[in-house]
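K.L.:
upload.txt (compact mmCIF, C-alpha atoms) pasted underneath:
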```txt
# COMPACT_ATOMS: atom_id res chain seq x y z
CA MET A 1021 -50.17 42.37 27.36
CA THR A 1022 -48.35 40.57 24.58
CA GLY A 1023 -49.03 36.81 24.16
CA THR A 1024 -47.04 34.07 22.55
CA THR A 1025 -48.25 33.50 19.00
CA GLY A 1026 -48.61 30.18 17.32
CA GLY A 1027 -48.66 27.89 20.32
CA PRO A 1028 -47.30 24.32 20.34
CA ALA A 1029 -48.11 23.72 16.68
CA ALA A 1030 -45.94 26.64 15.61
CA VAL A 1031 -43.08 25.45 17.80
CA GLU A 1032 -43.35 21.94 16.34
CA GLY A 1033 -43.44 23.32 12.80
CA GLY A 1034 -40.37 25.46 13.47
CA ALA A 1035 -38.49 22.45 14.82
CA ARG A 1036 -39.33 20.45 11.70
CA GLU A 1037 -38.15 23.31 9.51
CA GLU A 1038 -34.85 23.55 11.39
CA LEU A 1039 -34.39 19.78 11.06
CA ARG A 1040 -34.99 19.99 7.30
CA ASP A 1041 -32.45 22.81 7.06
CA ALA A 1042 -29.86 20.84 9.02
CA ILE A 1043 -30.33 17.49 7.25
CA THR A 1044 -30.24 18.27 3.56
CA LEU A 1045 -30.11 15.67 0.82
CA ARG A 1046 -26.45 16.55 0.23
CA ALA A 1047 -25.62 16.08 3.92
CA ALA A 1048 -27.44 12.73 3.96
CA LEU A 1049 -25.52 11.53 0.90
CA ILE A 1050 -22.20 12.59 2.45
CA MET A 1051 -23.07 10.70 5.64
CA LEU A 1052 -23.98 7.66 3.56
CA GLY A 1053 -20.63 7.88 1.81
CA VAL A 1054 -18.82 8.07 5.16
CA LEU A 1055 -20.74 5.02 6.39
CA LEU A 1056 -19.79 3.06 3.28
CA LEU A 1057 -16.13 4.00 3.74
CA GLN A 1058 -16.30 2.94 7.38
CA LEU A 1059 -17.79 -0.44 6.50
CA GLY A 1060 -15.36 -0.83 3.62
CA PHE A 1061 -12.46 -0.13 5.96
CA ALA A 1062 -13.62 -2.88 8.35
CA LEU A 1063 -14.29 -5.34 5.53
CA SER A 1064 -10.98 -4.68 3.79
CA TYR A 1065 -8.71 -4.92 6.83
CA MET A 1066 -10.46 -7.85 8.47
CA GLY A 1067 -10.92 -9.62 5.15
CA ALA A 1068 -7.21 -9.35 4.46
CA PHE A 1069 -5.89 -10.11 7.95
CA HIS A 1070 -8.41 -12.34 9.74
CA ALA A 1071 -6.98 -15.67 8.55
CA PRO A 1072 -3.53 -15.35 6.93
CA ARG A 1073 -2.53 -18.57 5.20
CA PRO A 1074 0.61 -19.31 3.17
CA HIS A 1075 -0.01 -19.81 -0.52
CA ASP A 1076 2.75 -20.15 -3.12
CA VAL A 1077 5.46 -18.76 -0.83
CA PRO A 1078 8.54 -18.73 -3.10
CA ILE A 1079 11.18 -21.17 -1.81
CA THR A 1080 14.56 -22.07 -3.31
CA LEU A 1081 15.79 -25.64 -2.89
CA VAL A 1082 19.37 -26.90 -2.93
CA ALA A 1083 19.65 -30.70 -2.78
CA PRO A 1084 21.75 -33.50 -4.31
CA PRO A 1085 20.76 -34.16 -7.95
CA GLU A 1086 19.40 -37.64 -7.21
CA MET A 1087 16.81 -36.32 -4.73
CA ARG A 1088 16.25 -32.75 -6.00
CA GLY A 1089 13.38 -33.40 -8.41
CA ASP A 1090 11.44 -35.72 -6.10
CA LEU A 1091 11.78 -33.41 -3.08
CA ALA A 1092 10.77 -30.33 -5.09
CA ALA A 1093 7.70 -32.14 -6.41
CA ARG A 1094 6.66 -33.26 -2.90
CA LEU A 1095 7.03 -29.75 -1.49
CA ASP A 1096 5.06 -28.27 -4.39
CA ALA A 1097 2.29 -30.82 -3.81
CA LEU A 1098 1.71 -30.06 -0.12
CA PRO A 1099 -2.01 -29.65 0.74
CA GLY A 1100 -3.16 -26.09 0.20
CA ASP A 1101 -0.15 -25.24 -2.03
CA PRO A 1102 1.73 -23.31 0.67
CA LEU A 1103 5.04 -23.36 -1.24
CA ARG A 1104 6.29 -22.64 -4.76
CA VAL A 1105 9.66 -24.34 -5.11
CA THR A 1106 12.53 -23.50 -7.45
CA ALA A 1107 15.48 -25.91 -7.42
CA VAL A 1108 18.99 -24.52 -8.04
CA ALA A 1109 22.43 -26.07 -8.24
CA ASP A 1110 24.26 -24.67 -5.22
CA ALA A 1111 24.06 -22.62 -2.04
CA ALA A 1112 25.70 -19.56 -3.61
CA GLU A 1113 22.90 -19.24 -6.17
CA ALA A 1114 20.27 -19.78 -3.47
CA ARG A 1115 21.82 -17.07 -1.32
CA ALA A 1116 21.90 -14.66 -4.28
CA ARG A 1117 18.21 -15.32 -5.02
CA LEU A 1118 17.34 -14.63 -1.39
CA LEU A 1119 19.18 -11.31 -1.21
CA ASP A 1120 17.94 -10.26 -4.67
CA ARG A 1121 14.34 -10.76 -3.40
CA ARG A 1122 13.54 -13.51 -5.87
CA THR A 1123 12.71 -15.93 -3.05
CA ASP A 1124 11.57 -15.77 0.59
CA ALA A 1125 13.71 -18.65 1.88
CA ALA A 1126 16.31 -21.16 0.72
CA LEU A 1127 16.38 -24.76 1.96
CA LEU A 1128 19.79 -26.41 1.87
CA VAL A 1129 19.42 -30.17 2.22
CA ALA A 1130 22.38 -32.01 3.77
CA PRO A 1131 22.85 -35.34 1.94
CA ASP A 1132 24.86 -37.08 4.67
CA ALA A 1133 23.14 -35.72 7.79
CA ARG A 1134 19.67 -35.22 9.20
CA LEU A 1135 20.14 -31.49 9.87
CA ASP A 1136 19.18 -29.17 7.00
CA THR A 1137 19.68 -25.40 6.83
CA LEU A 1138 17.03 -22.81 6.01
CA LEU A 1139 18.36 -19.43 4.88
CA VAL A 1140 15.98 -16.50 5.41
CA ALA A 1141 16.09 -12.70 5.21
CA SER A 1142 13.47 -11.57 7.71
CA ALA A 1143 14.03 -7.88 6.87
CA GLY A 1144 11.98 -8.61 3.74
CA GLY A 1145 8.97 -9.45 5.89
CA PRO A 1146 9.07 -11.49 9.11
CA SER A 1147 5.60 -12.97 8.57
CA ALA A 1148 6.62 -14.61 5.28
CA THR A 1149 9.79 -15.96 6.88
CA THR A 1150 7.81 -17.35 9.83
CA ALA A 1151 5.24 -19.00 7.55
CA ALA A 1152 7.87 -20.65 5.34
CA THR A 1153 9.84 -21.85 8.38
CA ALA A 1154 6.76 -23.37 10.01
CA VAL A 1155 5.75 -25.27 6.86
CA LEU A 1156 9.22 -26.65 6.23
CA GLN A 1157 9.76 -27.63 9.87
CA ASP A 1158 6.48 -29.59 9.80
CA VAL A 1159 7.67 -31.41 6.68
CA ALA A 1160 11.07 -32.11 8.25
CA ARG A 1161 9.47 -33.64 11.35
CA THR A 1162 7.50 -36.10 9.25
CA GLN A 1163 10.81 -37.29 7.74
CA ASP A 1164 12.64 -37.43 11.08
CA ARG A 1165 14.86 -34.50 10.09
CA GLU A 1166 15.65 -31.15 11.69
CA ILE A 1167 16.08 -27.64 10.29
CA GLN A 1168 18.35 -24.90 11.58
CA VAL A 1169 17.44 -21.36 10.54
CA ARG A 1170 20.03 -18.77 9.53
CA ASP A 1171 18.83 -15.20 9.08
CA LEU A 1172 21.10 -13.53 6.51
CA ARG A 1173 19.40 -10.13 6.65
CA PRO A 1174 17.43 -9.42 9.84
CA PRO A 1175 15.68 -6.06 10.40
CA SER A 1176 17.60 -3.35 12.20
CA ALA A 1177 17.37 -3.15 15.98
CA GLY A 1178 14.90 -0.25 15.75
CA ASP A 1179 12.73 -2.14 13.25
CA SER A 1180 12.40 -5.42 15.12
CA ARG A 1181 9.04 -6.39 13.56
CA GLY A 1182 9.96 -5.16 10.10
CA LEU A 1183 6.98 -2.78 9.90
CA SER A 1184 8.74 0.59 9.77
CA SER A 1185 8.73 0.65 5.95
CA PHE A 1186 4.97 0.15 5.91
CA TYR A 1187 4.24 2.84 8.51
CA LEU A 1188 6.57 5.31 6.81
CA VAL A 1189 4.79 4.89 3.48
CA LEU A 1190 1.42 5.02 5.25
CA SER A 1191 2.32 8.44 6.68
CA TRP A 1192 3.49 9.66 3.29
CA THR A 1193 0.36 8.56 1.40
CA ILE A 1194 -2.03 10.00 3.98
CA GLY A 1195 -0.05 13.25 4.08
CA GLY A 1196 -0.19 13.55 0.31
CA TYR A 1197 -3.93 13.23 -0.14
CA LEU A 1198 -4.71 15.31 2.96
CA ALA A 1199 -2.54 18.11 1.56
CA ALA A 1200 -4.52 17.93 -1.69
CA SER A 1201 -7.75 18.06 0.32
CA ALA A 1202 -6.48 21.09 2.27
CA LEU A 1203 -5.78 22.92 -0.98
CA ASN A 1204 -9.29 22.10 -2.15
CA MET A 1205 -10.93 23.28 1.09
CA ALA A 1206 -8.86 26.48 1.09
CA ALA A 1207 -10.56 27.38 -2.18
CA GLY A 1208 -14.02 26.68 -0.74
CA SER A 1209 -14.17 23.16 -2.22
CA LYS A 1210 -14.75 24.65 -5.67
CA ARG A 1211 -13.84 22.66 -8.75
CA PRO A 1212 -10.51 24.21 -9.77
CA THR A 1213 -9.90 26.11 -12.96
CA LEU A 1214 -7.03 25.07 -15.21
CA HIS A 1215 -4.80 27.72 -13.65
CA ARG A 1216 -5.67 26.63 -10.11
CA THR A 1217 -5.05 23.01 -11.04
CA PHE A 1218 -1.51 23.84 -12.17
CA VAL A 1219 -0.98 25.84 -8.98
CA ARG A 1220 -2.18 22.95 -6.79
CA LEU A 1221 -0.01 20.41 -8.59
CA ALA A 1222 2.98 22.74 -8.40
CA ALA A 1223 2.36 23.28 -4.67
CA MET A 1224 2.50 19.52 -4.14
CA ILE A 1225 6.13 19.35 -5.32
CA PRO A 1226 7.80 21.28 -2.45
CA TYR A 1227 5.35 19.75 0.01
CA ALA A 1228 6.30 16.25 -1.20
CA PHE A 1229 10.01 17.05 -0.97
CA VAL A 1230 9.74 18.40 2.58
CA SER A 1231 7.62 15.36 3.52
CA GLY A 1232 10.28 13.06 2.10
CA ILE A 1233 12.97 14.77 4.18
CA GLY A 1234 10.78 14.69 7.29
CA GLY A 1235 10.03 10.99 6.97
CA ALA A 1236 13.69 10.13 6.36
CA VAL A 1237 14.72 12.15 9.43
CA VAL A 1238 12.13 10.40 11.64
CA VAL A 1239 13.09 6.84 10.64
CA GLY A 1240 16.80 7.66 10.48
CA PRO A 1241 18.42 10.06 12.94
CA VAL A 1242 15.42 10.38 15.28
CA LEU A 1243 14.26 6.77 15.80
CA ASP A 1244 16.98 4.76 14.03
CA CYS A 1245 14.33 2.47 12.51
CA LEU A 1246 15.66 2.45 8.96
CA PRO A 1247 19.27 3.63 9.19
CA GLY A 1248 21.21 4.47 6.04
CA ALA A 1249 19.92 5.35 2.57
CA PHE A 1250 18.83 8.78 3.80
CA TRP A 1251 18.70 10.59 0.46
CA GLU A 1252 17.25 7.54 -1.27
CA LEU A 1253 14.40 7.65 1.23
CA VAL A 1254 13.95 11.36 0.60
CA GLY A 1255 13.55 10.66 -3.12
CA ILE A 1256 11.14 7.77 -2.54
CA GLY A 1257 9.10 9.84 -0.09
CA THR A 1258 8.89 12.74 -2.54
CA LEU A 1259 7.56 10.41 -5.24
CA VAL A 1260 5.06 8.66 -2.92
CA VAL A 1261 3.68 11.93 -1.49
CA PHE A 1262 3.44 13.58 -4.90
CA ALA A 1263 1.67 10.52 -6.36
CA SER A 1264 -0.83 10.53 -3.49
CA GLY A 1265 -1.33 14.29 -3.73
CA ALA A 1266 -1.69 14.32 -7.52
CA VAL A 1267 -4.33 11.58 -7.37
CA GLY A 1268 -6.10 13.55 -4.62
CA VAL A 1269 -6.07 16.72 -6.74
CA ALA A 1270 -7.34 14.76 -9.75
CA LEU A 1271 -10.21 12.97 -8.02
CA GLN A 1272 -11.37 16.10 -6.20
CA SER A 1273 -11.20 17.99 -9.49
CA VAL A 1274 -13.40 15.34 -11.10
CA ALA A 1275 -15.80 14.54 -8.25
CA GLY A 1276 -15.49 17.33 -5.67
CA THR A 1277 -15.96 16.19 -2.07
CA ILE A 1278 -16.65 12.64 -3.25
CA GLY A 1279 -13.16 12.65 -4.71
CA LEU A 1280 -11.65 12.69 -1.21
CA GLY A 1281 -13.67 9.59 -0.36
CA LEU A 1282 -12.43 7.87 -3.52
CA THR A 1283 -8.84 8.76 -2.63
CA ILE A 1284 -9.26 7.29 0.85
CA LEU A 1285 -10.79 4.19 -0.73
CA ILE A 1286 -7.79 3.68 -3.03
CA PHE A 1287 -4.96 4.52 -0.64
CA THR A 1288 -6.27 3.51 2.78
CA VAL A 1289 -9.18 1.09 2.47
CA LEU A 1290 -7.72 -0.99 -0.37
CA GLY A 1291 -4.05 0.01 -0.51
CA ASN A 1292 -2.89 -0.45 3.08
CA PRO A 1293 -4.08 -3.98 3.92
CA SER A 1294 -2.90 -5.28 0.53
CA SER A 1295 0.47 -3.50 0.61
CA GLY A 1296 2.54 -6.38 1.98
CA GLY A 1297 3.59 -4.31 4.95
CA VAL A 1298 1.93 -6.52 7.56
CA TYR A 1299 1.45 -9.72 5.54
CA PRO A 1300 3.01 -10.35 2.11
CA ALA A 1301 0.93 -11.32 -0.91
CA SER A 1302 1.70 -15.01 -0.31
CA LEU A 1303 -0.26 -14.86 2.99
CA LEU A 1304 -3.20 -12.72 1.78
CA PRO A 1305 -6.50 -13.80 0.18
CA PRO A 1306 -6.46 -13.71 -3.66
CA PHE A 1307 -8.13 -10.31 -4.13
CA TRP A 1308 -5.74 -8.43 -1.83
CA ALA A 1309 -2.75 -10.37 -3.13
CA ALA A 1310 -3.67 -9.37 -6.70
CA ILE A 1311 -4.08 -5.62 -6.15
CA GLY A 1312 -1.40 -4.90 -3.54
CA GLN A 1313 1.64 -4.12 -5.68
CA ALA A 1314 -0.45 -2.20 -8.23
CA LEU A 1315 -1.39 0.45 -5.64
CA PRO A 1316 0.94 3.14 -4.23
CA PRO A 1317 1.09 1.85 -0.62
CA GLY A 1318 2.26 -1.58 -1.77
CA ALA A 1319 4.70 -0.26 -4.34
CA GLY A 1320 6.04 2.30 -1.88
CA THR A 1321 6.54 -0.26 0.89
CA THR A 1322 8.42 -2.56 -1.49
CA VAL A 1323 10.71 0.23 -2.67
CA VAL A 1324 11.51 1.44 0.86
CA ARG A 1325 12.12 -2.04 2.27
CA ASN A 1326 14.24 -3.27 -0.62
CA THR A 1327 16.22 -0.02 -0.81
CA VAL A 1328 17.11 -0.03 2.88
CA TYR A 1329 17.81 -3.72 3.32
CA PHE A 1330 18.53 -5.21 -0.11
CA ASP A 1331 20.56 -2.60 -2.02
CA GLY A 1332 17.63 -1.60 -4.20
CA HIS A 1333 17.00 -5.03 -5.73
CA ALA A 1334 13.52 -5.71 -7.15
CA THR A 1335 12.41 -2.07 -7.01
CA THR A 1336 12.16 -1.15 -10.70
CA GLY A 1337 8.59 -2.34 -11.21
CA ALA A 1338 7.39 -0.67 -8.02
CA LEU A 1339 9.01 2.64 -9.02
CA TRP A 1340 7.24 2.48 -12.38
CA ILE A 1341 3.94 1.93 -10.54
CA LEU A 1342 4.48 5.01 -8.37
CA GLY A 1343 5.49 7.06 -11.40
CA ALA A 1344 2.41 5.93 -13.29
CA TRP A 1345 0.09 7.00 -10.45
CA ALA A 1346 1.81 10.38 -10.22
CA PHE A 1347 1.65 10.93 -14.00
CA GLY A 1348 -1.94 9.69 -14.18
CA GLY A 1349 -2.99 12.06 -11.40
CA VAL A 1350 -1.46 15.04 -13.21
CA VAL A 1351 -3.05 14.09 -16.54
CA VAL A 1352 -6.54 13.51 -15.10
CA ALA A 1353 -6.43 16.72 -13.04
CA VAL A 1354 -5.38 18.84 -16.02
CA LEU A 1355 -7.83 17.21 -18.45
CA ALA A 1356 -10.75 17.60 -16.02
CA ALA A 1357 -10.02 21.31 -15.55
CA ALA A 1358 -9.49 21.85 -19.29
CA LEU A 1359 -12.79 20.17 -20.18
CA ARG A 1360 -14.65 22.30 -17.62
CA ALA A 1361 -13.04 25.41 -19.08
CA ARG A 1362 -14.29 24.46 -22.56
CA ARG A 1363 -17.82 23.73 -21.35
CA ARG A 1364 -18.16 26.96 -19.35
CA PRO A 1365 -18.28 29.41 -22.34
CA ARG A 1366 -20.84 27.19 -24.06
CA ALA A 1367 -23.03 27.18 -20.95
CA VAL A 1368 -22.78 30.96 -20.70
CA ALA A 1369 -23.66 31.36 -24.36
CA THR A 1370 -26.64 29.03 -24.02
CA THR A 1371 -28.10 30.88 -21.03
CA ALA A 1372 -27.46 34.41 -22.39
CA PRO A 1373 -30.73 36.30 -23.13
CA ALA A 1374 -31.64 36.76 -26.78
CA ARG A 1375 -31.51 40.35 -28.10
```
Just give me the structure of the file as structure tokens.

P.N.:
Amino acid sequence: MTGTTGGPAAVEGGAREELRDAITLRAALIMLGVLLLQLGFALSYMGAFHAPRPHDVPITLVAPPEMRGDLAARLDALPGDPLRVTAVADAAEARARLLDRRTDAALLVAPDARLDTLLVASAGGPSATTAATAVLQDVARTQDREIQVRDLRPPSAGDSRGLSSFYLVLSWTIGGYLAASALNMAAGSKRPTLHRTFVRLAAMIPYAFVSGIGGAVVVGPVLDCLPGAFWELVGIGTLVVFASGAVGVALQSVAGTIGLGLTILIFTVLGNPSSGGVYPASLLPPFWAAIGQALPPGAGTTVVRNTVYFDGHATTGALWILGAWAFGGVVVAVLAAALRARRRPRAVATTAPAR
């Protein structure tokens, strides 16, 4: 008769051994990294959005010369600095500044009446328009005046909240770095050689182009969210996806699996809440307001929104930002692979047995 060997102590020892095999130091560090990303996600989004408050919202003022300077100074001196006022000579200049995206609203003061006009373009961001309107209406009430609002450029019917630009760019950025991650996992998560790096970067080009077409089709013919500017959106989408993918390739080439976490940190944890898609910089806390337009989600949202609704005004800087991220990703990815290629022969030579 054959008995069970080892007894309870052996079973307990085997369980401990299996637990040690399952929970390695590497697995624990990866889980810690995921936890930090999770907490960072909560901190970033809630820190940016939990208490939006207008600060230095750009406003253009048109008023008679005798009251222009005094009124501008009083608006600039409101508690909490909600407005940043620029006085101009006439309504035509104020309208041009609004549609060129140099201002969020234009207040036209009527000298011989108690009804003033506020020109807005809510397609540029309804939350900024709402904040500016609320502040100016409060001021008007204290002076026994009224304000009528005229929206010169509202969002399209399919983009009633003005968020389609943000969600489109969000899909492009996530698609870009997930494609880079898929290429990395397909190779067994190995650090790529110089040849593989060029292949991965080259593979991102057609993927980015197809992604650009797909996004433009969804927001155009399919949902009618952002009608018009189809091929412009294709070009913007191609650039956004390639920038995201190139940065993903670069960071995973430098840091392996950790590189994916760093990419998520840049594009999703920091980039999305600061992008201006939900709240513009003038309603965000200082940190998020400062970084938003320097990151691809913010630059991409600005380019899409201003291309669709404002004839491409105020997009040059944002396009340079996207180009810089794309170029930087390519350079870092290639340099990281090249440096590894140079170190590898030296390592082989060092470990070779002496004859």

K.L.:
Could you please determine the separation between atom CA of A:Phe1347 and atom CA of A:Phe1250 in Å, to one decimal place?

P.N.:
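Calculated distance between atom CA of A:Phe1347 and atom CA of A:Phe1250 is 24.8 Å.
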
K.L.:
Using only C-alpha atoms, which protein or nucleic acid residues come within 10 Å of A:Pro1084? Drop anything in the same chain fewer than 3 positions from it, and give the result as a PyMOL selection string.

P.N.:
chain A and resi 1081+1087-1089+1109-1110+1128-1131

K.L.:
What is the atom CA of A:Leu1259 to atom CA of A:Phe1229 distance in Å?

P.N.:
8.3 Å

K.L.:
Taking all atoms of stretch 1118-1122 of chain A that the file lists, what box with edges along x, y and z, padded by 5 Å per side, do you get, with centre and edge lengths in Å to one decimal, as AutoDock Vina command-line options?

P.N.:
```
--center_x 16.4 --center_y -12.4 --center_z -3.5 --size_x 15.6 --size_y 14.4 --size_z 14.7
```

K.L.:
When distances are computed from all atoms listed in the file, which of A:Val1254, A:Ile1225, A:Ala1202, A:Leu1172 shows the smallest separation from A:Val1238?

P.N.:
A:Val1254

K.L.:
Any idea what the distance is between atom CA of A:Asp1171 and atom CA of A:Val1140?

P.N.:
4.8 Å

K.L.:
When distances are computed from all atoms listed in the file, which of A:Gly1337, A:Pro1099, A:Pro1078, A:Gly1312 shows the smallest separation from A:Thr1149?

P.N.:
A:Pro1078

K.L.:
Which protein, DNA or RNA residues have an atom at most 12 Å from (0.6, 10.4, -9.2), counting only C-alpha atoms? List them as a VMD selection string.

P.N.:
chain A and resid 1193 1196 to 1197 1200 1221 1224 to 1225 1228 1258 to 1271 1283 1287 1315 to 1316 1339 to 1353

K.L.:
Identify which of the residues A:Leu1045, A:Ala1107, A:Thr1137, A:Gly1248 lies closest to A:Leu1156, counting all atoms listed in the file when measuring atom-to-atom distances.

P.N.:
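Of A:Leu1045, A:Ala1107, A:Thr1137, A:Gly1248, the one nearest A:Leu1156, counting all atoms listed in the file, is A:Thr1137.
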
K.L.:
Given only C-alpha atoms as the basis, pick out the residue of A:Thr1288, A:Gly1178, A:Ala1141, A:Gly1279 nearest to A:Gly1240.

P.N.:
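Ranked by minimum distance to A:Gly1240, first place goes to A:Gly1178.
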
K.L.:
Measuring atom to atom with all atoms listed in the file, identify which of A:Thr1322, A:Thr1335, A:Thr1277, A:Asn1292 is nearest to A:Val1054.

P.N.:
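Closest candidate: A:Thr1277.
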
K.L.:
Between A:Ile1194, A:Val1189, A:Cys1245, A:Ala1148, which is the closest to A:Leu1285 once you count all atoms listed in the file?

P.N.:
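Closest to A:Leu1285 of all the choices is A:Ile1194.
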
K.L.:
Give me the residues near stretch 1121-1126 of chain A as a list in words, where near means some atom within 9 Å (using all atoms listed in the file) and where sequence neighbours in that chain fewer than 4 positions away do not count.

P.N.:
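So, after excluding close chain neighbours, the residues are Val1077, Pro1078, Ile1079, Thr1080, Leu1081, Val1082, Thr1106, Ala1111, Ala1114, Arg1115, Ala1116, Arg1117, Thr1137, Leu1138, Leu1139, Val1140, Ala1141, Ser1142, Gly1144, Gly1145, Ala1148, Thr1149, Ala1152, Thr1153, Asn1326, Phe1330, His1333 and Ala1334 of chain A.
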
K.L.:
Which residues come within 12 Å of A:Asp1076, counting all atoms listed in the file, excluding same-chain residues fewer than 3 positions away, as a list in words?

P.N.:
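Those residues are Arg1073, Ile1079, Thr1080, Leu1095, Asp1096, Ala1097, Leu1098, Pro1099, Gly1100, Asp1101, Pro1102, Leu1103, Arg1104, Val1105, Thr1106, Thr1123, Asp1124, Ala1148, Ala1151, Ala1152, Val1155, Pro1300, Ala1301, Ser1302, Leu1303, Leu1304, Pro1305, Pro1306 and Ala1309 of chain A.
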